[in-house]
Each structure stands twice: as C-alpha cells, then as structure tokens.
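As provided, entry38.txt (compact mmCIF, C-alpha atoms) reads as follows.
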```
# COMPACT_ATOMS: atom_id res chain seq x y z
CA MET A 1 0.00 0.00 0.00
CA LYS A 2 1.36 3.40 -0.99
CA LYS A 3 1.89 5.98 1.76
CA VAL A 4 1.49 9.69 1.11
CA ALA A 5 2.59 12.67 3.19
CA VAL A 6 -0.08 15.41 3.09
CA VAL A 7 0.98 18.92 4.10
CA LEU A 8 -1.76 21.17 5.45
CA ALA A 9 -1.22 24.94 5.80
CA GLY A 10 -3.82 25.58 8.51
CA CYS A 11 -7.62 25.48 8.30
CA GLY A 12 -9.74 27.80 6.17
CA VAL A 13 -9.53 29.04 2.60
CA TYR A 14 -8.45 32.63 3.34
CA ASP A 15 -5.65 31.97 5.83
CA GLY A 16 -5.01 28.21 5.85
CA ALA A 17 -5.67 25.02 3.91
CA GLU A 18 -8.84 25.08 1.80
CA ILE A 19 -11.03 22.69 3.79
CA ASN A 20 -12.89 21.12 0.87
CA GLU A 21 -9.64 20.57 -1.03
CA ALA A 22 -7.98 19.03 2.02
CA VAL A 23 -10.88 16.68 2.80
CA LEU A 24 -11.31 15.72 -0.86
CA SER A 25 -7.59 14.97 -1.10
CA LEU A 26 -7.81 12.62 1.88
CA LEU A 27 -10.99 11.03 0.51
CA CYS A 28 -9.43 10.42 -2.90
CA LEU A 29 -6.32 8.89 -1.33
CA GLU A 30 -8.49 6.48 0.66
CA GLN A 31 -10.69 5.66 -2.33
CA GLN A 32 -7.62 4.77 -4.36
CA GLY A 33 -6.17 2.51 -1.67
CA ALA A 34 -3.42 4.74 -0.27
CA GLU A 35 -2.50 5.50 3.33
CA TYR A 36 -1.65 9.04 4.39
CA GLN A 37 -0.23 11.06 7.26
CA CYS A 38 -0.95 14.77 7.64
CA PHE A 39 1.74 17.27 8.59
CA ALA A 40 1.72 21.02 9.19
CA PRO A 41 4.24 23.69 10.23
CA ASP A 42 4.30 24.34 13.98
CA ARG A 43 4.27 28.14 13.85
CA GLU A 44 1.88 31.05 13.82
CA GLN A 45 -0.16 31.79 10.69
CA MET A 46 0.71 34.88 8.68
CA HIS A 47 -2.56 36.33 9.98
CA VAL A 48 -6.11 35.31 10.85
CA ILE A 49 -9.06 36.06 8.56
CA ASN A 50 -12.68 36.28 9.68
CA HIS A 51 -14.21 33.92 7.12
CA LEU A 52 -17.64 35.51 7.53
CA THR A 53 -16.52 39.03 6.61
CA GLY A 54 -13.29 38.30 4.73
CA GLU A 55 -11.49 40.86 6.90
CA PRO A 56 -8.39 40.32 9.07
CA ALA A 57 -9.21 39.54 12.71
CA GLN A 58 -7.43 42.20 14.74
CA GLY A 59 -5.24 40.99 17.58
CA GLU A 60 -5.89 37.30 16.94
CA THR A 61 -3.19 34.71 16.33
CA ARG A 62 -3.47 31.02 15.45
CA ASN A 63 -0.97 28.18 15.12
CA VAL A 64 -0.84 26.43 11.73
CA LEU A 65 -0.40 22.97 13.26
CA VAL A 66 -3.20 23.44 15.79
CA GLU A 67 -5.54 24.70 13.07
CA ALA A 68 -4.63 21.82 10.71
CA ALA A 69 -5.62 19.42 13.49
CA ARG A 70 -9.22 20.57 12.95
CA ILE A 71 -9.17 19.04 9.48
CA ALA A 72 -7.13 15.96 10.39
CA ARG A 73 -9.27 15.19 13.47
CA GLY A 74 -6.13 15.59 15.58
CA ASN A 75 -4.03 13.17 13.54
CA VAL A 76 -1.42 15.63 12.32
CA LEU A 77 2.30 15.87 13.07
CA PRO A 78 4.76 18.79 12.96
CA LEU A 79 6.24 19.32 9.52
CA THR A 80 9.72 18.81 11.00
CA ASP A 81 8.76 15.19 11.75
CA ALA A 82 8.17 14.38 8.06
CA ARG A 83 10.80 12.22 6.33
CA GLN A 84 10.59 11.47 2.63
CA ASP A 85 12.13 8.03 3.30
CA ASP A 86 8.87 7.04 5.01
CA TYR A 87 6.54 7.96 2.13
CA ASP A 88 5.98 7.26 -1.54
CA ALA A 89 4.60 10.69 -2.48
CA LEU A 90 3.84 14.20 -1.25
CA LEU A 91 0.48 15.99 -1.65
CA VAL A 92 -0.28 19.64 -0.83
CA PRO A 93 -3.88 20.94 -0.89
CA GLY A 94 -4.36 24.63 -1.68
CA GLY A 95 -6.03 27.55 0.01
CA PHE A 96 -4.38 30.88 0.78
CA GLY A 97 -2.43 29.15 3.56
CA ALA A 98 -0.26 27.56 0.89
CA ALA A 99 0.57 31.08 -0.33
CA LYS A 100 0.85 32.57 3.18
CA ASN A 101 2.13 29.86 5.53
CA LEU A 102 4.20 27.59 3.23
CA CYS A 103 5.55 30.50 1.18
CA ASN A 104 4.91 34.24 0.97
CA PHE A 105 3.49 34.42 -2.57
CA ALA A 106 0.36 36.16 -1.26
CA VAL A 107 2.40 39.25 -0.36
CA ALA A 108 5.61 38.93 -2.40
CA GLY A 109 4.27 37.54 -5.70
CA ALA A 110 7.02 36.40 -8.05
CA ASP A 111 9.64 37.54 -5.51
CA MET A 112 8.34 34.98 -3.02
CA GLU A 113 10.39 32.71 -0.80
CA VAL A 114 9.31 29.21 0.20
CA SER A 115 9.49 28.41 3.91
CA ALA A 116 12.73 26.56 4.58
CA ASP A 117 11.15 23.59 6.38
CA PHE A 118 8.62 22.91 3.64
CA LEU A 119 11.09 23.52 0.82
CA GLN A 120 13.60 21.11 2.33
CA LEU A 121 10.96 18.38 2.58
CA ALA A 122 9.51 18.94 -0.91
CA GLN A 123 12.94 19.06 -2.54
CA ALA A 124 13.85 15.82 -0.76
CA PHE A 125 10.86 14.11 -2.39
CA HIS A 126 11.80 15.55 -5.78
CA GLN A 127 15.45 14.58 -5.49
CA ALA A 128 14.44 11.05 -4.49
CA GLY A 129 12.36 10.75 -7.66
CA LYS A 130 9.10 10.58 -5.73
CA PRO A 131 5.95 12.27 -7.12
CA ILE A 132 4.49 15.49 -5.75
CA GLY A 133 0.93 16.74 -6.14
CA LEU A 134 0.21 20.47 -5.78
CA VAL A 135 -3.40 21.66 -5.69
CA CYS A 136 -5.00 25.06 -6.42
CA ILE A 137 -2.52 27.92 -5.67
CA ALA A 138 0.23 25.58 -4.39
CA PRO A 139 1.80 25.21 -7.88
CA VAL A 140 3.29 28.70 -7.49
CA MET A 141 6.03 26.79 -5.63
CA ALA A 142 6.66 24.37 -8.51
CA ALA A 143 9.87 25.93 -9.86
CA ALA A 144 11.32 26.39 -6.38
CA ILE A 145 10.75 22.71 -5.66
CA CYS A 146 11.38 21.00 -9.01
CA GLY A 147 13.55 23.50 -10.88
CA GLU A 148 13.37 25.69 -13.94
CA GLY A 149 11.18 24.47 -16.78
CA THR A 150 8.77 22.59 -14.51
CA GLU A 151 5.30 22.31 -16.05
CA CYS A 152 2.30 23.06 -13.84
CA THR A 153 -1.15 24.64 -13.79
CA VAL A 154 -3.39 26.89 -11.73
CA GLY A 155 -6.12 26.73 -14.39
CA ASN A 156 -6.27 29.93 -16.44
CA ASP A 157 -5.54 32.81 -14.02
CA ALA A 158 -3.43 35.15 -16.18
CA ASP A 159 -1.75 37.04 -13.34
CA VAL A 160 -0.74 33.95 -11.38
CA ALA A 161 0.33 32.18 -14.59
CA ALA A 162 2.57 35.16 -15.44
CA ALA A 163 4.14 35.02 -11.98
CA ILE A 164 4.71 31.27 -12.32
CA GLN A 165 6.44 31.80 -15.66
CA SER A 166 8.59 34.63 -14.30
CA MET A 167 9.77 32.29 -11.54
CA GLY A 168 10.96 29.78 -14.12
CA ALA A 169 8.12 27.30 -14.46
CA VAL A 170 5.93 26.67 -17.51
CA HIS A 171 2.21 27.27 -16.97
CA LEU A 172 -0.25 25.02 -18.80
CA GLU A 173 -3.93 25.93 -18.95
CA CYS A 174 -6.19 23.26 -17.50
CA PRO A 175 -9.95 22.80 -16.95
CA VAL A 176 -11.13 22.26 -13.40
CA GLU A 177 -11.94 18.58 -13.98
CA GLU A 178 -8.39 17.66 -15.02
CA ALA A 179 -4.81 17.64 -13.81
CA ARG A 180 -1.54 18.33 -15.62
CA VAL A 181 1.43 15.97 -15.30
CA ASP A 182 5.10 16.82 -15.72
CA ARG A 183 6.27 13.23 -16.09
CA GLU A 184 9.97 14.10 -16.23
CA ARG A 185 9.80 15.80 -12.84
CA LYS A 186 6.94 13.68 -11.44
CA LEU A 187 4.86 16.75 -10.58
CA VAL A 188 1.05 16.71 -10.81
CA THR A 189 -1.06 19.86 -10.47
CA THR A 190 -4.78 20.67 -10.67
CA PRO A 191 -6.71 23.99 -10.44
CA ALA A 192 -9.37 22.96 -7.88
CA TYR A 193 -10.84 26.16 -6.39
CA MET A 194 -8.78 28.39 -8.67
CA LEU A 195 -11.64 27.47 -11.04
CA ALA A 196 -14.16 25.31 -9.21
CA GLY A 197 -17.63 26.68 -8.59
CA LYS A 198 -18.87 23.53 -6.87
CA VAL A 199 -17.43 20.89 -4.56
CA SER A 200 -18.09 18.24 -7.21
CA GLU A 201 -15.91 20.10 -9.73
CA ALA A 202 -13.04 20.33 -7.26
CA TYR A 203 -13.46 16.63 -6.47
CA THR A 204 -13.13 15.55 -10.10
CA GLY A 205 -9.86 17.41 -10.63
CA ILE A 206 -8.37 16.42 -7.28
CA ASN A 207 -9.29 12.79 -7.93
CA ASP A 208 -7.43 12.97 -11.25
CA CYS A 209 -4.45 14.56 -9.50
CA VAL A 210 -4.33 11.88 -6.81
CA LYS A 211 -4.70 9.11 -9.41
CA GLU A 212 -1.73 10.47 -11.39
CA VAL A 213 0.41 10.95 -8.27
CA LEU A 214 -0.18 7.37 -7.14
CA ALA A 215 0.48 6.06 -10.66
CA LEU A 216 3.89 7.76 -10.59
CA ALA A 217 4.74 6.45 -7.13
```

Rewrite the structure of this file - the entire thing - as structure tokens.
Amino acid sequence: MKKVAVVLAGCGVYDGAEINEAVLSLLCLEQQGAEYQCFAPDREQMHVINHLTGEPAQGETRNVLVEAARIARGNVLPLTDARQDDYDALLVPGGFGAAKNLCNFAVAGADMEVSADFLQLAQAFHQAGKPIGLVCIAPVMAAAICGEGTECTVGNDADVAAAIQSMGAVHLECPVEEARVDRERKLVTTPAYMLAGKVSEAYTGINDCVKEVLALA
C-alpha cells in the first residue's frame, strides 16, 4: 500500500488550507487505496481572517499545526517530523495558507520565498524521484521545488500564470476537472478552487491529480 505525506497549511480558505480541497484529497487517497499522514508547520499563521466578513481579525493569532488538526481530526504531526524516506509521495492541498504559511506568494508575488522547512521536505521528495501533487494555488512553488522548466497549472488565471512563468516554471492551462502531469519531474497539479464553482468540480480534478500521483509512485 502506498503511503502519502499530506501537508496542510492551517484550516480555512483565506488563511489556511482550503477545507474542501484538504478533505477531498484525503478522501481520494483512501478511495484509491493509499495510506496518508498529515503534517503542518508548527508556527503562527501569517494572519487570521474572519471567514464571515473576509477581513483580518485584529489581535488574533493562530498556530498552523493546531488549526490543521481541525481538518485531520487531531491526527497531524509537525512538519519537521516528516521524512521522505517514510513515504511514496507528497500531496499539498491549496487555500491561501499555501501562499501565506508555506511561502509568501500572497504578499511577495514572483519575488516569493518558500518556507525553509517545507522547501527542504519537498525538494527531498523531488530529489528522491518521488511524485508530488500540488493543488490550487500551491503550484506557485513548482519551480522552487522542481527547478526551472517545470510544467504546472493553476487553471487559467493570467496574473498567477505570469508570476509562475517569471519564476521559471511553464504554466499550462487546464480545466477544473483535469490535472496536468510533468512526467519528467513527477509533478502533478490541478486547479481545484482556482476554477471550481462547486465541490463536485473540485473533487473531479483532485481525484485525477491523486490518481496520477499514485500512478507515478
């Protein structure tokens, strides 16, 4: 049975992991016969967003690992505990947390830096020839992880695609129901809620992404 490390960037679309994407990723892994372990960085979020108003919550702080435990029903470990030797693949759901807590793309754009702990883990998977799946906005980190020329998708968002290209990756347009596979670098990406208007649309694309990741493992 294939084992997959899943990295969650908190809990909630605007400041953490997109909950539907995270749950669908875990569901698809189970449906396709894989085991998984969730991980998250043990540090404070970039900020906290009131998901009812969309505005920053003044004076409030939250821990990424503690928040991710909401999604994982408590079964989540610190990112520093993750070892690529123990897993066959890496999967990262999206949500703004991927662009705020795993890297700083949300504020720095194409000048972003990927958090050292996550980058070290992701590059270890890549260097070991193990597949990586990046969902939604997470593919902005593709070139940093897999190198220049990496092919990936966020759907058809022109601004994000331009940033991806300026960072050295190649952006491929993709409908919400599909994934794109860079077979040379074993990277699989899917737009999910960069395009999805319904949970079922996100599910179809994430299911395709998971299927391709497991096939490469």

### Message
At a cut-off of 8 Å, using only C-alpha atoms, what residues contact stretch 68-82 of chain A? Leave out same-chain residues fewer than 6 positions from it and give the result as a list in words.
### Response
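Near neighbours after the sequence-gap exclusion: Ala5, Val7, Leu8, Ala9, Gly10, Cys11, Ala17, Ile19, Ala22, Val23, Gln37, Cys38, Phe39, Ala40, Pro41, Asp42, Asp117, Phe118 and Leu121 of chain A.
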
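Remark: residues at most 8 Å from position (-9.3, 27.3, -1.3) in file coordinates are Gly12, Val13, Tyr14, Ala17, Glu18, Ile19, Asn20, Glu21, Gly94, Gly95, Phe96, Cys136, Ala192, Tyr193 and Met194 of chain A, using only C-alpha atoms.
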
Using the file's own x, y and z axes, what box holds all listed atoms of stretch 200-216 of chain A with 6 Å on each side, keeping edges along x, y and z, and what are its centre and edge lengths in Å to one decimal, as AutoDock Vina command-line options?
```
--center_x -7.1 --center_y 13.2 --center_z -8.9 --size_x 34.0 --size_y 26.3 --size_z 16.9
```

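In this structure, atom CA of A:Asp15 sits 22.2 Å away from atom CA of A:Val176.
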
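For the pair atom CA of A:Gln165 and atom CA of A:Gly54, the interatomic distance is 29.1 Å.
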
### Task
Provide the atom CA of A:Leu27 to atom CA of A:His51 distance in Å, to one decimal place.
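Computed distance, atom CA of A:Leu27 to atom CA of A:His51, equals 24.0 Å.
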
### Message
Measuring between all atoms listed in the file, which one of A:Leu134, A:Thr150, A:Glu30, A:Val64 shows the shortest distance to A:Glu184?
### Response
A:Thr150

### Message
Using only C-alpha atoms, which protein or nucleic acid residues come within 9 Å of A:Gly109? Drop anything in the same chain fewer than 4 positions from it, and give the result as a count of residues only.
### Response
4

### Message
When you count all atoms listed in the file, which of these residues is closest to A:Pro191: A:Glu55, A:Asp86, A:Glu177, A:Glu60?
### Response
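Of A:Glu55, A:Asp86, A:Glu177, A:Glu60, the one nearest A:Pro191 is A:Glu177, counting all atoms listed in the file.
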
Test item: which residues lie within 12 Å of (-10.2, 9.7, -9.8) counting all atoms listed in the file, as a PDB file with C-alpha atoms, keeping the file's coordinate frame:
```pdb
ATOM      1  CA  LEU A  24     -11.310  15.720  -0.860  1.00  0.00           C
ATOM      2  CA  SER A  25      -7.590  14.970  -1.100  1.00  0.00           C
ATOM      3  CA  LEU A  27     -10.990  11.030   0.510  1.00  0.00           C
ATOM      4  CA  CYS A  28      -9.430  10.420  -2.900  1.00  0.00           C
ATOM      5  CA  LEU A  29      -6.320   8.890  -1.330  1.00  0.00           C
ATOM      6  CA  GLU A  30      -8.490   6.480   0.660  1.00  0.00           C
ATOM      7  CA  GLN A  31     -10.690   5.660  -2.330  1.00  0.00           C
ATOM      8  CA  GLN A  32      -7.620   4.770  -4.360  1.00  0.00           C
ATOM      9  CA  GLY A  33      -6.170   2.510  -1.670  1.00  0.00           C
ATOM     10  CA  GLU A 177     -11.940  18.580 -13.980  1.00  0.00           C
ATOM     11  CA  GLU A 178      -8.390  17.660 -15.020  1.00  0.00           C
ATOM     12  CA  ALA A 179      -4.810  17.640 -13.810  1.00  0.00           C
ATOM     13  CA  SER A 200     -18.090  18.240  -7.210  1.00  0.00           C
ATOM     14  CA  GLU A 201     -15.910  20.100  -9.730  1.00  0.00           C
ATOM     15  CA  ALA A 202     -13.040  20.330  -7.260  1.00  0.00           C
ATOM     16  CA  TYR A 203     -13.460  16.630  -6.470  1.00  0.00           C
ATOM     17  CA  THR A 204     -13.130  15.550 -10.100  1.00  0.00           C
ATOM     18  CA  GLY A 205      -9.860  17.410 -10.630  1.00  0.00           C
ATOM     19  CA  ILE A 206      -8.370  16.420  -7.280  1.00  0.00           C
ATOM     20  CA  ASN A 207      -9.290  12.790  -7.930  1.00  0.00           C
ATOM     21  CA  ASP A 208      -7.430  12.970 -11.250  1.00  0.00           C
ATOM     22  CA  CYS A 209      -4.450  14.560  -9.500  1.00  0.00           C
ATOM     23  CA  VAL A 210      -4.330  11.880  -6.810  1.00  0.00           C
ATOM     24  CA  LYS A 211      -4.700   9.110  -9.410  1.00  0.00           C
ATOM     25  CA  GLU A 212      -1.730  10.470 -11.390  1.00  0.00           C
ATOM     26  CA  VAL A 213       0.410  10.950  -8.270  1.00  0.00           C
ATOM     27  CA  LEU A 214      -0.180   7.370  -7.140  1.00  0.00           C
ATOM     28  CA  ALA A 215       0.480   6.060 -10.660  1.00  0.00           C
TER      29      ALA A 215
END
```

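Nearest residue to A:Phe125 among A:Ala161, A:Leu26, A:Cys103, A:Ile145 is A:Ile145, counting only C-alpha atoms.
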
#### Entry: Proximity to A:Pro93 - best of A:Ala108, A:Leu65, A:Val135, A:Ala122, all atoms listed in the file
A:Val135

## Note on the structure
The residue from A:Ala57, A:Ala116, A:Ala124, A:Ala169 with the smallest atom-to-atom distance to A:Pro139, counting only C-alpha atoms, is A:Ala169

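For the choices A:Met1, A:Val92, A:Met46, A:Ile132, the atom-to-atom distance to A:Arg183 is smallest for A:Ile132 when using only C-alpha atoms.
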